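Quick look at model-v7.cif (mmCIF, C-alpha atoms):
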```cif
data_run
#
loop_
_atom_site.label_atom_id
_atom_site.label_comp_id
_atom_site.auth_asym_id
_atom_site.auth_seq_id
_atom_site.Cartn_x
_atom_site.Cartn_y
_atom_site.Cartn_z
CA MET A 1 62.82 284.09 -53.27
CA LYS A 2 62.52 280.33 -53.42
CA LEU A 3 62.99 278.84 -56.89
CA ILE A 4 60.88 275.80 -57.71
CA ARG A 5 62.79 272.78 -58.98
CA LEU A 6 60.71 269.69 -59.55
CA PRO A 7 61.82 267.00 -57.07
CA THR A 8 62.01 264.04 -59.43
CA GLU A 9 64.18 261.88 -57.15
CA LYS A 10 62.57 258.52 -56.37
CA GLU A 11 62.31 259.17 -52.62
CA HIS A 12 60.33 262.36 -53.27
CA LEU A 13 58.18 261.26 -56.21
CA LEU A 14 57.27 257.72 -55.14
CA PRO A 15 55.26 258.68 -52.01
CA ILE A 16 53.14 261.11 -54.05
CA LEU A 17 52.55 258.50 -56.76
CA ILE A 18 51.46 255.96 -54.14
CA LEU A 19 49.00 258.40 -52.55
CA ALA A 20 47.64 259.38 -55.97
CA SER A 21 47.37 255.72 -57.00
CA LEU A 22 45.37 254.85 -53.87
CA SER A 23 42.92 257.66 -54.63
CA VAL A 24 42.60 256.76 -58.31
CA GLY A 25 42.35 253.06 -57.52
CA SER A 26 39.56 253.57 -55.00
CA TYR A 27 37.63 255.62 -57.57
CA VAL A 28 38.08 253.01 -60.31
CA VAL A 29 36.95 250.15 -58.09
CA THR A 30 33.91 252.08 -56.85
CA THR A 31 32.90 253.40 -60.27
CA PHE A 32 33.49 250.42 -62.54
CA PHE A 33 33.46 247.28 -60.40
CA TYR A 34 31.69 247.52 -57.05
CA ALA A 35 29.82 250.70 -56.14
CA PRO A 36 29.18 249.74 -52.47
CA PHE A 37 32.97 249.57 -51.97
CA ILE A 38 32.94 253.23 -50.94
CA GLN A 39 30.46 252.50 -48.17
CA LEU A 40 33.05 250.34 -46.44
CA PHE A 41 35.71 253.04 -46.27
CA GLU A 42 34.15 256.53 -46.45
CA TYR A 43 34.04 258.80 -43.40
CA ASP A 44 30.81 257.76 -41.70
CA LYS A 45 30.07 259.41 -38.38
CA HIS A 46 27.91 256.63 -36.99
CA ALA A 47 30.22 253.85 -38.18
CA LEU A 48 33.19 255.63 -36.58
CA LEU A 49 31.33 255.90 -33.29
CA ASN A 50 30.71 252.16 -33.55
CA GLY A 51 34.44 251.47 -33.73
CA GLU A 52 35.21 251.44 -37.46
CA ILE A 53 38.22 253.68 -36.91
CA TRP A 54 39.89 252.97 -40.27
CA ARG A 55 37.36 255.33 -41.83
CA SER A 56 39.14 258.28 -40.21
CA VAL A 57 41.95 257.67 -42.71
CA THR A 58 40.45 255.85 -45.69
CA GLY A 59 37.62 258.33 -46.16
CA HIS A 60 40.12 260.89 -47.41
CA LEU A 61 41.17 258.63 -50.29
CA PHE A 62 37.70 258.41 -51.86
CA HIS A 63 35.92 260.99 -54.02
CA SER A 64 32.36 261.86 -54.94
CA ASN A 65 32.91 261.93 -58.71
CA PHE A 66 35.56 262.20 -61.43
CA ASN A 67 35.78 266.00 -61.22
CA HIS A 68 36.38 265.77 -57.48
CA LEU A 69 39.14 263.24 -58.04
CA VAL A 70 40.85 265.31 -60.76
CA LEU A 71 40.76 268.49 -58.65
CA ASN A 72 42.38 266.77 -55.68
CA ILE A 73 44.96 264.82 -57.67
CA GLY A 74 45.86 268.04 -59.46
CA GLY A 75 46.24 269.77 -56.09
CA LEU A 76 48.41 266.91 -54.85
CA PHE A 77 50.84 267.27 -57.74
CA LEU A 78 50.90 271.05 -57.36
CA LEU A 79 52.01 270.49 -53.78
CA TRP A 80 54.64 268.04 -55.00
CA GLY A 81 55.98 270.71 -57.35
CA LEU A 82 56.03 273.23 -54.53
CA HIS A 83 57.20 271.17 -51.56
CA GLY A 84 58.00 267.74 -52.97
CA GLU A 85 61.57 267.79 -51.71
CA LYS A 86 60.11 267.57 -48.20
CA TYR A 87 57.96 264.49 -48.91
CA LYS A 88 60.16 261.55 -48.13
CA ASN A 89 58.46 258.17 -47.67
CA SER A 90 57.95 258.00 -43.91
CA ARG A 91 57.37 261.74 -43.55
CA LEU A 92 54.57 261.86 -46.12
CA LEU A 93 52.97 258.80 -44.54
CA PHE A 94 53.05 260.44 -41.12
CA LEU A 95 51.67 263.71 -42.52
CA PHE A 96 48.82 261.93 -44.27
CA LEU A 97 47.89 259.82 -41.25
CA PHE A 98 48.14 262.66 -38.72
CA ILE A 99 46.20 265.18 -40.79
CA SER A 100 43.55 262.64 -41.83
CA VAL A 101 42.88 261.48 -38.26
CA PHE A 102 42.92 265.06 -36.95
CA ILE A 103 40.34 266.20 -39.52
CA SER A 104 38.10 263.19 -38.95
CA THR A 105 38.27 263.54 -35.18
CA CYS A 106 37.41 267.24 -35.34
CA MET A 107 34.49 266.59 -37.67
CA LEU A 108 33.27 263.82 -35.41
CA PHE A 109 33.12 266.05 -32.32
CA PHE A 110 32.76 269.61 -33.66
CA THR A 111 31.00 269.33 -37.03
CA THR A 112 28.36 266.86 -36.02
CA ASP A 113 26.00 267.70 -38.90
CA ILE A 114 28.36 266.01 -41.38
CA THR A 115 27.55 262.31 -41.28
CA ARG A 116 29.40 261.28 -44.44
CA TYR A 117 32.48 262.74 -46.08
CA VAL A 118 35.02 261.85 -48.77
CA GLY A 119 37.87 263.78 -50.31
CA LEU A 120 41.52 264.70 -50.03
CA SER A 121 41.15 268.49 -49.99
CA GLY A 122 41.33 268.86 -46.21
CA VAL A 123 44.55 266.84 -46.13
CA LEU A 124 45.94 268.95 -48.98
CA HIS A 125 45.27 272.11 -46.97
CA GLY A 126 47.20 270.61 -44.07
CA MET A 127 50.14 269.54 -46.24
CA PHE A 128 50.28 273.01 -47.81
CA VAL A 129 50.40 274.78 -44.46
CA TRP A 130 52.95 272.34 -43.04
CA GLY A 131 55.19 273.01 -46.04
CA ALA A 132 54.73 276.76 -45.63
CA CYS A 133 55.78 276.53 -41.96
CA ASP A 134 58.89 274.62 -42.97
CA ASP A 135 59.64 277.24 -45.65
CA ILE A 136 59.51 279.93 -42.94
CA ARG A 137 61.95 277.90 -40.84
CA LYS A 138 64.32 277.80 -43.81
CA GLY A 139 64.11 281.55 -44.31
CA TYR A 140 61.77 281.71 -47.31
CA LYS A 141 59.53 284.76 -46.95
CA THR A 142 56.99 283.21 -49.33
CA GLY A 143 56.08 280.88 -46.47
CA TYR A 144 54.45 283.79 -44.65
CA LEU A 145 52.38 284.61 -47.73
CA MET A 146 51.24 281.01 -47.97
CA ILE A 147 50.17 280.93 -44.32
CA ILE A 148 48.33 284.25 -44.60
CA GLY A 149 46.66 283.16 -47.83
CA SER A 150 45.51 279.88 -46.26
CA LEU A 151 44.10 281.65 -43.20
CA ILE A 152 42.25 284.17 -45.38
CA LYS A 153 40.83 281.35 -47.53
CA VAL A 154 39.45 279.29 -44.65
CA ALA A 155 38.17 282.41 -42.87
CA SER A 156 36.35 283.46 -46.04
CA GLU A 157 34.83 279.98 -46.36
CA GLN A 158 33.66 280.05 -42.75
CA TRP A 159 32.12 283.49 -43.27
CA ASN A 160 30.56 283.02 -46.72
CA GLY A 161 29.86 279.30 -46.65
CA PRO A 162 30.67 276.62 -49.25
CA ASP A 163 31.20 277.61 -52.88
CA PRO A 164 27.99 276.51 -54.66
CA GLU A 165 29.66 276.32 -58.08
CA LEU A 166 32.40 274.06 -56.77
CA GLY A 167 29.72 272.00 -55.07
CA LYS A 168 28.03 271.45 -58.44
CA THR A 169 31.34 270.45 -59.99
CA ILE A 170 32.08 267.78 -57.40
CA ASN A 171 28.42 266.79 -56.95
CA ALA A 172 28.65 267.35 -53.20
CA THR A 173 28.61 270.12 -50.63
CA VAL A 174 32.14 271.43 -50.08
CA ALA A 175 33.15 270.45 -46.54
CA ILE A 176 34.68 273.79 -45.55
CA ASP A 177 35.27 272.62 -41.98
CA ALA A 178 37.59 269.91 -43.32
CA HIS A 179 39.69 272.70 -44.87
CA LEU A 180 39.78 274.58 -41.57
CA TYR A 181 40.76 271.48 -39.60
CA GLY A 182 43.35 270.66 -42.25
CA VAL A 183 45.02 274.05 -41.81
CA LEU A 184 45.05 273.60 -38.03
CA ALA A 185 46.46 270.09 -38.43
CA GLY A 186 49.23 271.36 -40.70
CA ILE A 187 50.36 273.88 -38.10
CA ILE A 188 50.17 271.38 -35.27
CA VAL A 189 52.00 268.61 -37.12
CA TYR A 190 54.79 271.05 -37.98
CA PHE A 191 55.49 271.66 -34.30
CA VAL A 192 55.10 267.96 -33.50
CA LEU A 193 57.78 267.06 -36.06
CA CYS A 194 60.04 269.89 -34.87
CA PHE A 195 59.78 268.66 -31.30
CA ALA A 196 60.43 265.07 -32.36
CA HIS A 197 63.50 266.17 -34.35
CA LYS A 198 64.92 268.16 -31.44
CA PHE A 199 64.23 265.31 -29.00
CA SER A 200 65.93 262.74 -31.25
CA SER A 201 68.91 265.09 -31.75
CA LYS A 202 69.39 265.46 -27.99
CA SER A 203 69.08 261.71 -27.46
CA ALA A 204 71.69 260.91 -30.12
#
```
What's the structure tokens form of this structure?
Amino acid sequence: MKLIRLPTEKEHLLPILILASLSVGSYVVTTFFYAPFIQLFEYDKHALLNGEIWRSVTGHLFHSNFNHLVLNIGGLFLLWGLHGEKYKNSRLLFLFLFISVFISTCMLFFTTDITRYVGLSGVLHGMFVWGACDDIRKGYKTGYLMIIGSLIKVASEQWNGPDPELGKTINATVAIDAHLYGVLAGIIVYFVLCFAHKFSSKSA
């Protein structure tokens, strides 16, 4: 069984702190200084279709209220405790960008009823599944449990719909499709990185 040791090395902690700081900073600016700030960066279906492609990434850094922010930041640091040794600077950046764009693209074309969206939870689902896949590669059986648990969770959400109590907490409807697309993105990005690693090894 894998033992959890907090990855406090700078190369593992700094990327998480930067991602958390961007989320907290966007909330502070929107809440205390300039409320329309969120309208420039949130996922907006119509704005994306008009070419404002940065929203496919930045929308995941904003949150609907303080509870939403705390839940996602808490989830981010739980992932750091679980898989933080995998989150080196460039790798975490690639994970965040790939998963964010994948979720936004899928929502744009397959979940057309969502016109606006904010939140990091879909990305967190993707990061969790990617880490679980890597655990399986390293021989940790807990990785299988994580994958199965994630699949059961998103399947349950698709079957039963969004959690109304959680929706009240975050003052928004839980975007369950973002969780589903995040899980799919995590699996896909795992194989993308494996292929890139094997290709670079052969080229060296």
**Item:** the PyMOL selection byres ((chain A and resi 81) around 12) resolved against shown file, as a count of residues only
**Value:** 24
**Asked** If you measure from atom CA of Leu49 of chain A to atom CA of Phe96 of chain A, what distance in Å do you get, rounded to one decimal?
**Response**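 Atom-to-atom, atom CA of Leu49 of chain A to atom CA of Phe96 of chain A, that is 21.5 Å.
For the file shown, the residue list from the PyMOL selection byres ((chain A and resi 112-115) around 9) reads Tyr43, Asp44, Lys45, His46, Met107, Leu108, Phe109, Phe110, Thr111, Arg116, Tyr117 and Ala175 of chain A.
With atom CA of Ile99 of chain A on one side and atom CA of Ala178 of chain A on the other, the separation reads 10.1 Å.
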**Request:** Report as number ranges by chain the full result of the PyMOL selection byres ((chain A and resi 33-40) around 10) when it is applied to this structure.
**Result:** A: 26-32, 41-44, 47, 52, 54-55, 58-59, 61-64, 116, 118
**Prompt:** What is the atom CA of Tyr144 of chain A to atom CA of Leu193 of chain A distance in Å?
**Reply:**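 Between these atoms lies a distance of 19.1 Å.
Between Ile187 of chain A and the candidates A:Gly161, A:Val129, A:Ser150, A:Lys168, the tightest atom-to-atom separation, counting all atoms listed in the file, involves A:Val129.
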**Message:** When you count only C-alpha atoms, which of these residues is closest to Thr169 of chain A: A:His60, A:Asn65, A:Gly51, A:Gly126?
**Reply:**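 Nearest candidate to Thr169 of chain A out of A:His60, A:Asn65, A:Gly51, A:Gly126: A:Asn65.
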**Item:** Distance query His125 of chain A at most 9 Å, only C-alpha atoms, self and fewer than 4 positions along chain excluded, as a ChimeraX atom specification
**Value:** /A:120-121,129-130,150,178-183,185-186
